[in-house]
Structure formats: structure tokens, C-alpha cells
$ cat model-v7.cif   # mmCIF, C-alpha atoms
data_upload
#
loop_
_atom_site.label_atom_id
_atom_site.label_comp_id
_atom_site.auth_asym_id
_atom_site.auth_seq_id
_atom_site.Cartn_x
_atom_site.Cartn_y
_atom_site.Cartn_z
CA MET A 1 -6.02 40.21 -22.05
CA SER A 2 -3.55 38.71 -24.50
CA LEU A 3 -1.11 36.32 -22.85
CA SER A 4 2.34 35.52 -24.17
CA THR A 5 2.69 31.83 -25.00
CA TYR A 6 6.06 30.32 -25.77
CA ARG A 7 6.44 26.93 -27.43
CA TYR A 8 9.78 25.19 -26.85
CA ASP A 9 11.20 21.96 -28.26
CA GLY A 10 10.68 19.91 -25.09
CA SER A 11 14.32 19.89 -23.99
CA PHE A 12 15.67 21.48 -20.82
CA GLU A 13 17.88 23.78 -22.90
CA GLY A 14 14.82 24.72 -24.94
CA LEU A 15 12.85 25.51 -21.79
CA LEU A 16 15.63 27.76 -20.48
CA SER A 17 15.74 29.47 -23.88
CA ALA A 18 12.00 30.18 -23.61
CA PHE A 19 12.41 31.44 -20.04
CA ALA A 20 15.20 33.78 -21.15
CA GLU A 21 13.02 35.09 -24.00
CA ALA A 22 10.10 35.75 -21.66
CA ARG A 23 12.32 37.58 -19.17
CA LEU A 24 13.86 39.67 -21.94
CA GLU A 25 10.40 40.70 -23.16
CA GLY A 26 9.07 41.28 -19.64
CA ALA A 27 6.08 39.05 -20.38
CA ALA A 28 3.31 39.15 -17.77
CA GLY A 29 2.00 35.70 -16.83
CA PRO A 30 3.74 33.87 -19.68
CA VAL A 31 2.62 30.40 -20.69
CA PHE A 32 5.11 27.75 -21.78
CA THR A 33 4.19 24.67 -23.76
CA PRO A 34 6.33 21.87 -25.23
CA ALA A 35 6.20 21.22 -28.95
CA SER A 36 4.50 17.89 -28.28
CA ALA A 37 1.47 19.59 -26.68
CA VAL A 38 -1.81 19.71 -28.59
CA GLU A 39 -2.24 23.28 -29.81
CA GLY A 40 -6.02 22.93 -29.91
CA GLY A 41 -6.03 23.17 -26.12
CA LEU A 42 -4.64 26.71 -26.20
CA LEU A 43 -6.84 29.80 -26.32
CA TRP A 44 -4.12 31.87 -27.95
CA ALA A 45 -1.45 31.28 -30.56
CA ALA A 46 1.89 29.99 -29.35
CA ARG A 47 5.14 31.45 -30.61
CA GLU A 48 7.96 29.06 -31.40
CA VAL A 49 11.15 29.75 -29.45
CA PRO A 50 14.21 28.08 -31.00
CA VAL A 51 16.88 26.66 -28.75
CA CYS A 52 19.51 29.29 -28.00
CA PRO A 53 22.45 27.66 -26.22
CA ALA A 54 23.97 31.03 -25.32
CA SER A 55 20.87 32.47 -23.65
CA ALA A 56 20.08 29.14 -21.94
CA ALA A 57 23.63 28.92 -20.56
CA ALA A 58 23.54 32.54 -19.40
CA LEU A 59 20.25 32.02 -17.55
CA TRP A 60 21.60 28.85 -15.95
CA ARG A 61 24.75 30.64 -14.77
CA ASP A 62 22.65 33.45 -13.30
CA LEU A 63 20.39 30.98 -11.50
CA VAL A 64 23.28 29.06 -9.95
CA SER A 65 25.03 32.31 -9.06
CA ALA A 66 21.89 33.55 -7.31
CA GLY A 67 20.66 30.37 -5.63
CA GLY A 68 23.68 28.11 -5.61
CA ALA A 69 24.03 24.58 -6.92
CA GLU A 70 21.04 23.49 -4.84
CA ALA A 71 18.71 25.76 -6.81
CA GLY A 72 20.05 24.29 -10.04
CA ARG A 73 19.51 20.75 -8.78
CA THR A 74 15.97 21.54 -7.66
CA LEU A 75 15.02 23.09 -11.00
CA THR A 76 16.54 20.20 -12.96
CA SER A 77 14.96 17.49 -10.81
CA ALA A 78 11.53 19.11 -10.99
CA TRP A 79 11.74 19.37 -14.78
CA LEU A 80 12.69 15.67 -15.00
CA ALA A 81 9.42 14.85 -13.24
CA GLU A 82 7.80 15.48 -16.64
CA GLU A 83 4.59 16.59 -14.97
CA PRO A 84 2.08 18.48 -17.14
CA ASP A 85 1.69 22.24 -16.82
CA LEU A 86 4.65 22.58 -14.45
CA GLU A 87 6.47 25.08 -16.67
CA ALA A 88 4.78 28.11 -15.08
CA ALA A 89 5.91 27.02 -11.62
CA LEU A 90 9.44 26.35 -12.91
CA TYR A 91 9.50 29.84 -14.41
CA GLY A 92 8.26 31.34 -11.14
CA TYR A 93 10.92 29.45 -9.19
CA CYS A 94 13.59 30.69 -11.57
CA CYS A 95 12.45 34.33 -11.49
CA LEU A 96 12.03 34.45 -7.71
CA THR A 97 15.48 32.95 -7.17
CA LEU A 98 17.02 35.55 -9.47
CA GLU A 99 15.08 38.33 -7.77
CA ARG A 100 15.91 37.31 -4.20
CA ARG A 101 19.49 36.23 -4.97
CA GLN A 102 19.25 33.19 -2.72
CA CYS A 103 18.10 29.58 -2.74
CA LEU A 104 14.40 29.60 -1.90
CA ASP A 105 13.94 25.91 -1.17
CA ALA A 106 12.71 26.81 2.33
CA TRP A 107 9.82 28.82 0.83
CA ALA A 108 7.53 25.84 0.37
CA ALA A 109 4.44 27.93 1.18
CA GLN A 110 4.94 30.04 -1.95
CA PRO A 111 2.79 28.31 -4.64
CA ALA A 112 5.33 28.16 -7.47
CA ILE A 113 8.20 27.15 -5.22
CA GLY A 114 6.06 24.62 -3.38
CA ALA A 115 5.01 22.98 -6.66
CA VAL A 116 8.61 22.78 -7.87
CA LEU A 117 9.86 21.39 -4.57
CA ALA A 118 7.11 18.75 -4.52
CA ALA A 119 7.98 17.62 -8.05
CA ALA A 120 11.71 17.52 -7.24
CA ARG A 121 10.97 15.54 -4.10
CA ARG A 122 8.99 12.93 -6.04
CA VAL A 123 11.89 12.56 -8.46
CA GLY A 124 14.35 12.22 -5.58
CA HIS A 125 12.25 9.52 -3.94
CA GLU A 126 12.10 7.53 -7.16
CA VAL A 127 15.86 7.85 -7.72
CA HIS A 128 16.41 6.50 -4.20
CA ARG A 129 14.01 3.61 -4.84
CA PHE A 130 15.73 2.59 -8.07
CA GLN A 131 19.14 2.70 -6.44
CA GLY A 132 17.90 -0.34 -4.56
CA ILE A 133 15.75 -2.20 -7.08
CA LEU A 134 17.53 -1.75 -10.40
CA ARG A 135 18.77 -5.12 -11.65
CA PHE A 136 21.79 -5.47 -13.93
CA ALA A 137 22.24 -8.59 -16.05
CA GLU A 138 25.39 -9.69 -17.87
CA THR A 139 24.92 -9.87 -21.63
CA ARG A 140 26.79 -11.98 -24.16
CA SER A 141 28.78 -8.90 -25.19
CA GLY A 142 30.14 -8.53 -21.65
CA TRP A 143 28.13 -5.41 -20.90
CA TYR A 144 25.69 -5.27 -18.00
CA TYR A 145 22.16 -4.21 -18.92
CA ALA A 146 19.39 -2.89 -16.66
CA ALA A 147 15.88 -2.15 -17.92
CA CYS A 148 13.31 -0.06 -16.09
CA GLU A 149 10.14 1.98 -16.55
CA PRO A 150 10.29 4.78 -13.96
CA ASP A 151 7.43 7.22 -13.54
CA HIS A 152 9.86 10.10 -13.99
CA ASN A 153 12.80 10.70 -16.33
CA ILE A 154 15.41 9.74 -13.77
CA ILE A 155 18.13 7.66 -15.40
CA VAL A 156 20.53 10.60 -15.83
CA LEU A 157 20.21 11.22 -12.07
CA LEU A 158 20.44 7.52 -11.27
CA ALA A 159 23.55 6.75 -13.31
CA PRO A 160 26.19 8.49 -11.10
CA HIS A 161 25.24 6.21 -8.19
CA PHE A 162 26.16 3.16 -10.26
CA VAL A 163 29.35 4.75 -11.54
CA GLY A 164 30.40 4.68 -7.90
CA ARG A 165 29.17 1.12 -7.38
CA LEU A 166 30.09 -0.45 -10.72
CA GLY A 167 32.75 1.87 -12.04
CA ASP A 168 35.02 -0.96 -13.22
CA GLN A 169 32.29 -2.51 -15.39
CA ARG A 170 30.62 -1.50 -18.65
CA TRP A 171 26.88 -1.11 -18.33
CA ALA A 172 23.74 0.49 -19.70
CA ILE A 173 20.52 1.63 -18.01
CA HIS A 174 17.56 1.53 -20.39
CA ASP A 175 14.36 3.49 -19.73
CA CYS A 176 11.98 1.39 -21.81
CA ARG A 177 9.08 3.82 -21.45
CA ARG A 178 10.99 6.74 -22.96
CA ASP A 179 13.43 4.81 -25.16
CA LEU A 180 16.34 6.50 -23.40
CA VAL A 181 19.62 4.95 -22.33
CA VAL A 182 22.65 5.95 -20.27
CA CYS A 183 25.84 3.98 -20.94
CA TRP A 184 29.02 3.74 -18.90
CA ASP A 185 32.02 2.41 -20.81
CA GLY A 186 34.39 2.53 -17.85
CA GLN A 187 35.50 6.09 -18.65
CA GLU A 188 32.48 8.33 -19.21
CA LEU A 189 28.70 8.44 -19.09
CA ARG A 190 26.91 8.76 -22.41
CA PRO A 191 23.16 9.47 -22.43
CA GLY A 192 21.15 9.07 -25.61
CA ARG A 193 18.29 7.37 -27.40
CA ALA A 194 17.97 3.61 -27.11
CA PRO A 195 18.59 1.59 -30.28
CA SER A 196 15.33 0.92 -32.08
CA SER A 197 15.86 -2.82 -31.77
CA SER A 198 15.50 -2.58 -27.99
CA SER A 199 12.66 -0.05 -27.94
CA GLU A 200 10.03 -2.57 -27.02
CA GLY A 201 8.65 -0.98 -23.86
CA SER A 202 9.16 -4.28 -22.07
CA ALA A 203 11.69 -6.18 -20.03
CA VAL A 204 13.04 -7.89 -23.15
CA GLY A 205 16.60 -6.70 -23.77
CA PRO A 206 19.93 -7.96 -25.15
CA ALA A 207 20.72 -11.68 -25.08
CA LEU A 208 22.09 -12.73 -21.69
CA SER A 209 25.27 -14.69 -21.10
CA GLU A 210 24.97 -18.35 -20.12
CA ALA A 211 26.38 -17.56 -16.69
CA GLU A 212 23.75 -14.86 -16.17
CA VAL A 213 20.90 -17.19 -17.15
CA ALA A 214 22.14 -19.76 -14.63
CA THR A 215 22.62 -17.15 -11.90
CA GLN A 216 19.12 -15.75 -12.39
CA SER A 217 17.62 -19.23 -12.20
CA GLN A 218 19.48 -19.92 -8.95
CA TRP A 219 18.44 -16.56 -7.52
CA ARG A 220 14.76 -17.19 -8.25
CA ARG A 221 15.01 -20.63 -6.64
CA TYR A 222 16.71 -19.15 -3.58
CA HIS A 223 14.10 -16.40 -3.32
CA ARG A 224 11.28 -18.95 -3.36
CA HIS A 225 12.85 -21.17 -0.72
CA ILE A 226 13.73 -18.48 1.82
CA ALA A 227 10.17 -17.14 1.85
CA ILE A 228 8.27 -17.97 5.05
CA ASP A 229 4.69 -18.76 4.10
CA SER A 230 3.27 -17.67 7.45
CA ARG A 231 4.91 -14.26 7.09
CA ARG A 232 3.67 -13.48 3.58
CA ASN A 233 1.92 -10.12 3.33
CA PRO A 234 1.05 -9.37 -0.32
CA ARG A 235 -0.61 -6.05 0.53
CA LEU A 236 2.47 -4.74 2.33
CA GLN A 237 4.68 -6.05 -0.47
CA ARG A 238 2.67 -4.17 -3.11
CA ARG A 239 2.76 -1.00 -1.03
CA CYS A 240 6.53 -1.09 -0.59
CA LEU A 241 7.22 -2.37 -4.10
CA PRO A 242 4.37 -1.60 -6.55
CA ARG A 243 3.56 -4.27 -9.13
CA ARG A 244 4.54 -1.99 -12.03
CA TYR A 245 8.19 -2.60 -11.09
CA TRP A 246 7.93 -6.40 -10.92
CA PRO A 247 8.57 -7.23 -14.61
CA TYR A 248 12.13 -5.94 -14.18
CA LEU A 249 12.93 -7.81 -10.95
CA THR A 250 14.64 -11.17 -11.45
CA GLU A 251 13.02 -12.74 -8.38
CA MET A 252 9.53 -11.83 -9.62
CA GLN A 253 9.93 -13.53 -12.99
CA GLY A 254 9.19 -17.13 -13.86
#
$ encode --input "model-v7.cif" --output "C-alpha cells"
Amino acid sequence: MSLSTYRYDGSFEGLLSAFAEARLEGAAGPVFTPASAVEGGLLWAAREVPVCPASAAALWRDLVSAGGAEAGRTLTSAWLAEEPDLEAALYGYCCLTLERRQCLDAWAAQPAIGAVLAAARRVGHEVHRFQGILRFAETRSGWYYAACEPDHNIIVLLAPHFVGRLGDQRWAIHDCRRDLVVCWDGQELRPGRAPSSSSEGSAVGPALSEAEVATQSQWRRYHRHIAIDSRRNPRLQRRCLPRRYWPYLTEMQG
């Protein structure tokens, strides 16, 4: 049997465009693949689907109308997990929500919905974790800079929390793994690509202010001195705070 395969540009708008195309054509068991995927792994030719803002927006409106804002949040969060081969489940979630005209987040036993909910839950857990461990540092320009390497593409979901906490400051959150940044200038959030000069995939970022350097040094000294040697539990520490996050934590440096 010939299966319909749709290749999209890798963006969320592109994915919705491909979903809209598949629904319009009534494709049975469609396959969706991002442009970055290796075509040699496919058993059938993929058709390029250009981004269509109108059809993507229409599908999004229909989804939110059918399942409410919660369905939209679930679909978006699951997509931001960036997990391979999740597109089919996302499409199933979308189609079932439109068919049933309700939010189906209680239908975890249904395979497609269960997969989407699990991915969205992993993203939500990581957002919650980074709300507590993200470290901002004052730069010489007066901006505050926070670098991170999350497992999932979460900084657009993370940023509103810090608008509420640091709304009177100017700051940037830099996802070093993906070379993405979200900036807050005191008025609006602006997501985009990180400048090439900072795309190092490491904790090295803009030059820090003298006050910040002194504060970080004092914080590391304080952290060392309050530790109770007899209560150290490295295994528990690694379980609660995996080592992959340590390069971006001030108290773990030096």
C-alpha cells in the first residue's frame, strides 16, 4: 500500500500546514517528517509541504475551538519535546480532538493521546525544574544573561515565568544546545536565533560585570562553607540535579 508522506520545514507552523494538507486530502495513515530527516530512511518518496500561514492558523483555531486552550497547550508542549517520530501521535491527537469536539487529555489509554500527553508532561517537568535552577548573571552591558542546555526546546515556555519575576530587568535566556535565545527588554519578549559569537554550546557567554564576578565568587565560597560534610550524599544530589546541568550553576563552578 502506498502511504502519503509529508515533509515539512521543521517549524510548528510547518507541521500544522502539513496536518491541514493531510486532512484536506483525507490521507490514510499519513507520515510526517521534518526537512532535517534523512530521506534514505524512508521507504516511499516524501512530498514537500510549504508553510501555509492561513491553513496553519485555521487548523489551530479549529483545534482550540474544539478542545479549548488546554488542547492547544498540550499539542504545543509535546511538539517542543522534539522527540523523534512523534508527528504521527500529534496528528492523531489533533484529529481526535477535532472529531470529538472536546479536550481529550483524560484519554491517556488511547495510544496517540497517551504519547502526546507523556511528551507534554516531560516538557512541563523540565520547565518546572529550570524555573528553579536557571542562573542569571549581570553582564557589562547591564543585561542579565542565563545559559542552559535543556533536553527539550523549553525556553519559550520558560520565559513568561521570569517576566513575572524579573519584569523590571532586561535579560536573555540562551539555549546553547539549539542556539536559540529569548530576550526581554522590559516591554516584550523576543525569541530568535542566538548571535553566532555566543553559539559555543558551552557555559561561556557575554563578559560579566565586575560586581557579578565578585558576587559569584562570594556565592561559591558561601556554598562551600555551609555544606555539612557528614550529610553529603553525592548519589542523591545527582539524582535530584543531574550532572549535565552543573556547568551552568554558579555554585558548581570553580
$ closest_residue --input "model-v7.cif" --among "A:Asp151, A:Leu249, A:Arg100, A:Cys176" --to "Leu134 in chain A" --atoms "only C-alpha atoms"
A:Leu249
$ atom_distance --input "model-v7.cif" --atom1 "CA of Arg231 in chain A" --atom2 "CA of Trp246 in chain A"
19.9 Å
$ resolve_selection --input "model-v7.cif" --expression "the PyMOL selection byres ((chain A and resi 8-12) around 12)" --output "ChimeraX atom specification"
/A:5-7,13-22,31-37,46-53,56-57,59-60,72,75-82,84,87,90
$ atom_distance --input "model-v7.cif" --atom1 "CA of Arg101 in chain A" --atom2 "CA of Gly26 in chain A"
18.7 Å
$ closest_residue --input "model-v7.cif" --among "A:Cys240, A:Leu157, A:Ala194, A:Ala120" --to "His174 in chain A" --atoms "only C-alpha atoms"
A:Ala194
$ residues_near_point --input "model-v7.cif" --point "(3.1, 41.3, -19.5)" --cutoff "12 Å" --atoms "only C-alpha atoms" --output "PyMOL selection string"
chain A and resi 1-5+22-31
$ residues_around --input "model-v7.cif" --residues "range 164-166 of chain A" --least-positions-apart "6" --cutoff "10 Å" --atoms "all atoms listed in the file" --output "list of chain:residue names"
A:Tyr144, A:Trp184, A:Gly186
$ closest_residue --input "model-v7.cif" --among "A:His152, A:Arg170, A:Arg178, A:Arg238" --to "Val127 in chain A" --atoms "all atoms listed in the file"
A:His152
$ residues_around --input "model-v7.cif" --residues "Tyr145 in chain A" --least-positions-apart "2" --cutoff "7 Å" --atoms "all atoms listed in the file" --output "PDB file with C-alpha atoms, in the coordinates of the input"
ATOM      1  CA  PHE A 136      21.790  -5.470 -13.930  1.00  0.00           C
ATOM      2  CA  ALA A 137      22.240  -8.590 -16.050  1.00  0.00           C
ATOM      3  CA  GLU A 138      25.390  -9.690 -17.870  1.00  0.00           C
ATOM      4  CA  THR A 139      24.920  -9.870 -21.630  1.00  0.00           C
ATOM      5  CA  TRP A 143      28.130  -5.410 -20.900  1.00  0.00           C
ATOM      6  CA  ALA A 147      15.880  -2.150 -17.920  1.00  0.00           C
ATOM      7  CA  TRP A 171      26.880  -1.110 -18.330  1.00  0.00           C
ATOM      8  CA  ALA A 172      23.740   0.490 -19.700  1.00  0.00           C
ATOM      9  CA  ILE A 173      20.520   1.630 -18.010  1.00  0.00           C
TER      10      ILE A 173
END
$ closest_residue --input "model-v7.cif" --among "A:Ser65, A:Ser209, A:Ser55, A:Thr74" --to "Leu117 in chain A" --atoms "only C-alpha atoms"
A:Thr74
$ atom_distance --input "model-v7.cif" --atom1 "CA of Ile154 in chain A" --atom2 "CA of Pro234 in chain A"
27.4 Å
$ closest_residue --input "model-v7.cif" --among "A:Arg224, A:His161, A:Arg177, A:Ala211" --to "Leu189 in chain A" --atoms "only C-alpha atoms"
A:His161
$ closest_residue --input "model-v7.cif" --among "A:Ala146, A:Ala58, A:Arg73, A:Val156" --to "Arg121 in chain A" --atoms "all atoms listed in the file"
A:Arg73
$ resolve_selection --input "model-v7.cif" --expression "the PyMOL selection byres ((chain A and resi 244) around 10)" --output "CSV table (one decimal) with C-alpha atoms, keeping the file's coordinate frame"
chain,number,residue,atom,x,y,z
A,148,CYS,CA,13.3,-0.1,-16.1
A,149,GLU,CA,10.1,2.0,-16.6
A,150,PRO,CA,10.3,4.8,-14.0
A,151,ASP,CA,7.4,7.2,-13.5
A,238,ARG,CA,2.7,-4.2,-3.1
A,241,LEU,CA,7.2,-2.4,-4.1
A,242,PRO,CA,4.4,-1.6,-6.6
A,243,ARG,CA,3.6,-4.3,-9.1
A,245,TYR,CA,8.2,-2.6,-11.1
A,246,TRP,CA,7.9,-6.4,-10.9
A,247,PRO,CA,8.6,-7.2,-14.6
A,248,TYR,CA,12.1,-5.9,-14.2
$ resolve_selection --input "model-v7.cif" --expression "the PyMOL selection byres ((chain A and resi 103) around 12)" --output "number ranges by chain"
A: 63-75, 93-102, 104-108, 113, 117
$ build_atoms --input "model-v7.cif" --residues "range 167-180 of chain A" --atoms "N, CA and C atoms" --output "compact mmCIF listing (two decimals), keeping the file's coordinate frame"
# COMPACT_ATOMS: atom_id res chain seq x y z
N GLY A 167 31.90 1.07 -11.18
CA GLY A 167 32.75 1.87 -12.04
C GLY A 167 33.74 1.09 -12.88
N ASP A 168 34.05 -0.15 -12.47
CA ASP A 168 35.02 -0.96 -13.22
C ASP A 168 34.34 -1.86 -14.24
N GLN A 169 33.03 -1.71 -14.42
CA GLN A 169 32.29 -2.51 -15.39
C GLN A 169 31.74 -1.61 -16.49
N ARG A 170 31.32 -2.23 -17.58
CA ARG A 170 30.62 -1.50 -18.65
C ARG A 170 29.14 -1.85 -18.55
N TRP A 171 28.29 -0.84 -18.53
CA TRP A 171 26.88 -1.11 -18.33
C TRP A 171 26.00 -0.06 -19.00
N ALA A 172 24.73 -0.41 -19.11
CA ALA A 172 23.74 0.49 -19.70
C ALA A 172 22.44 0.40 -18.91
N ILE A 173 21.85 1.56 -18.64
CA ILE A 173 20.52 1.63 -18.01
C ILE A 173 19.55 2.08 -19.09
N HIS A 174 18.51 1.29 -19.31
CA HIS A 174 17.56 1.53 -20.39
C HIS A 174 16.19 1.88 -19.81
N ASP A 175 15.72 3.09 -20.08
CA ASP A 175 14.36 3.49 -19.73
C ASP A 175 13.47 3.07 -20.89
N CYS A 176 12.78 1.96 -20.72
CA CYS A 176 11.98 1.39 -21.81
C CYS A 176 10.77 2.25 -22.15
N ARG A 177 10.26 2.98 -21.19
CA ARG A 177 9.08 3.82 -21.45
C ARG A 177 9.42 4.97 -22.38
N ARG A 178 10.60 5.55 -22.20
CA ARG A 178 10.99 6.74 -22.96
C ARG A 178 11.99 6.44 -24.08
N ASP A 179 12.41 5.19 -24.18
CA ASP A 179 13.43 4.81 -25.16
C ASP A 179 14.72 5.61 -24.98
N LEU A 180 15.10 5.79 -23.73
CA LEU A 180 16.34 6.50 -23.40
C LEU A 180 17.32 5.52 -22.77
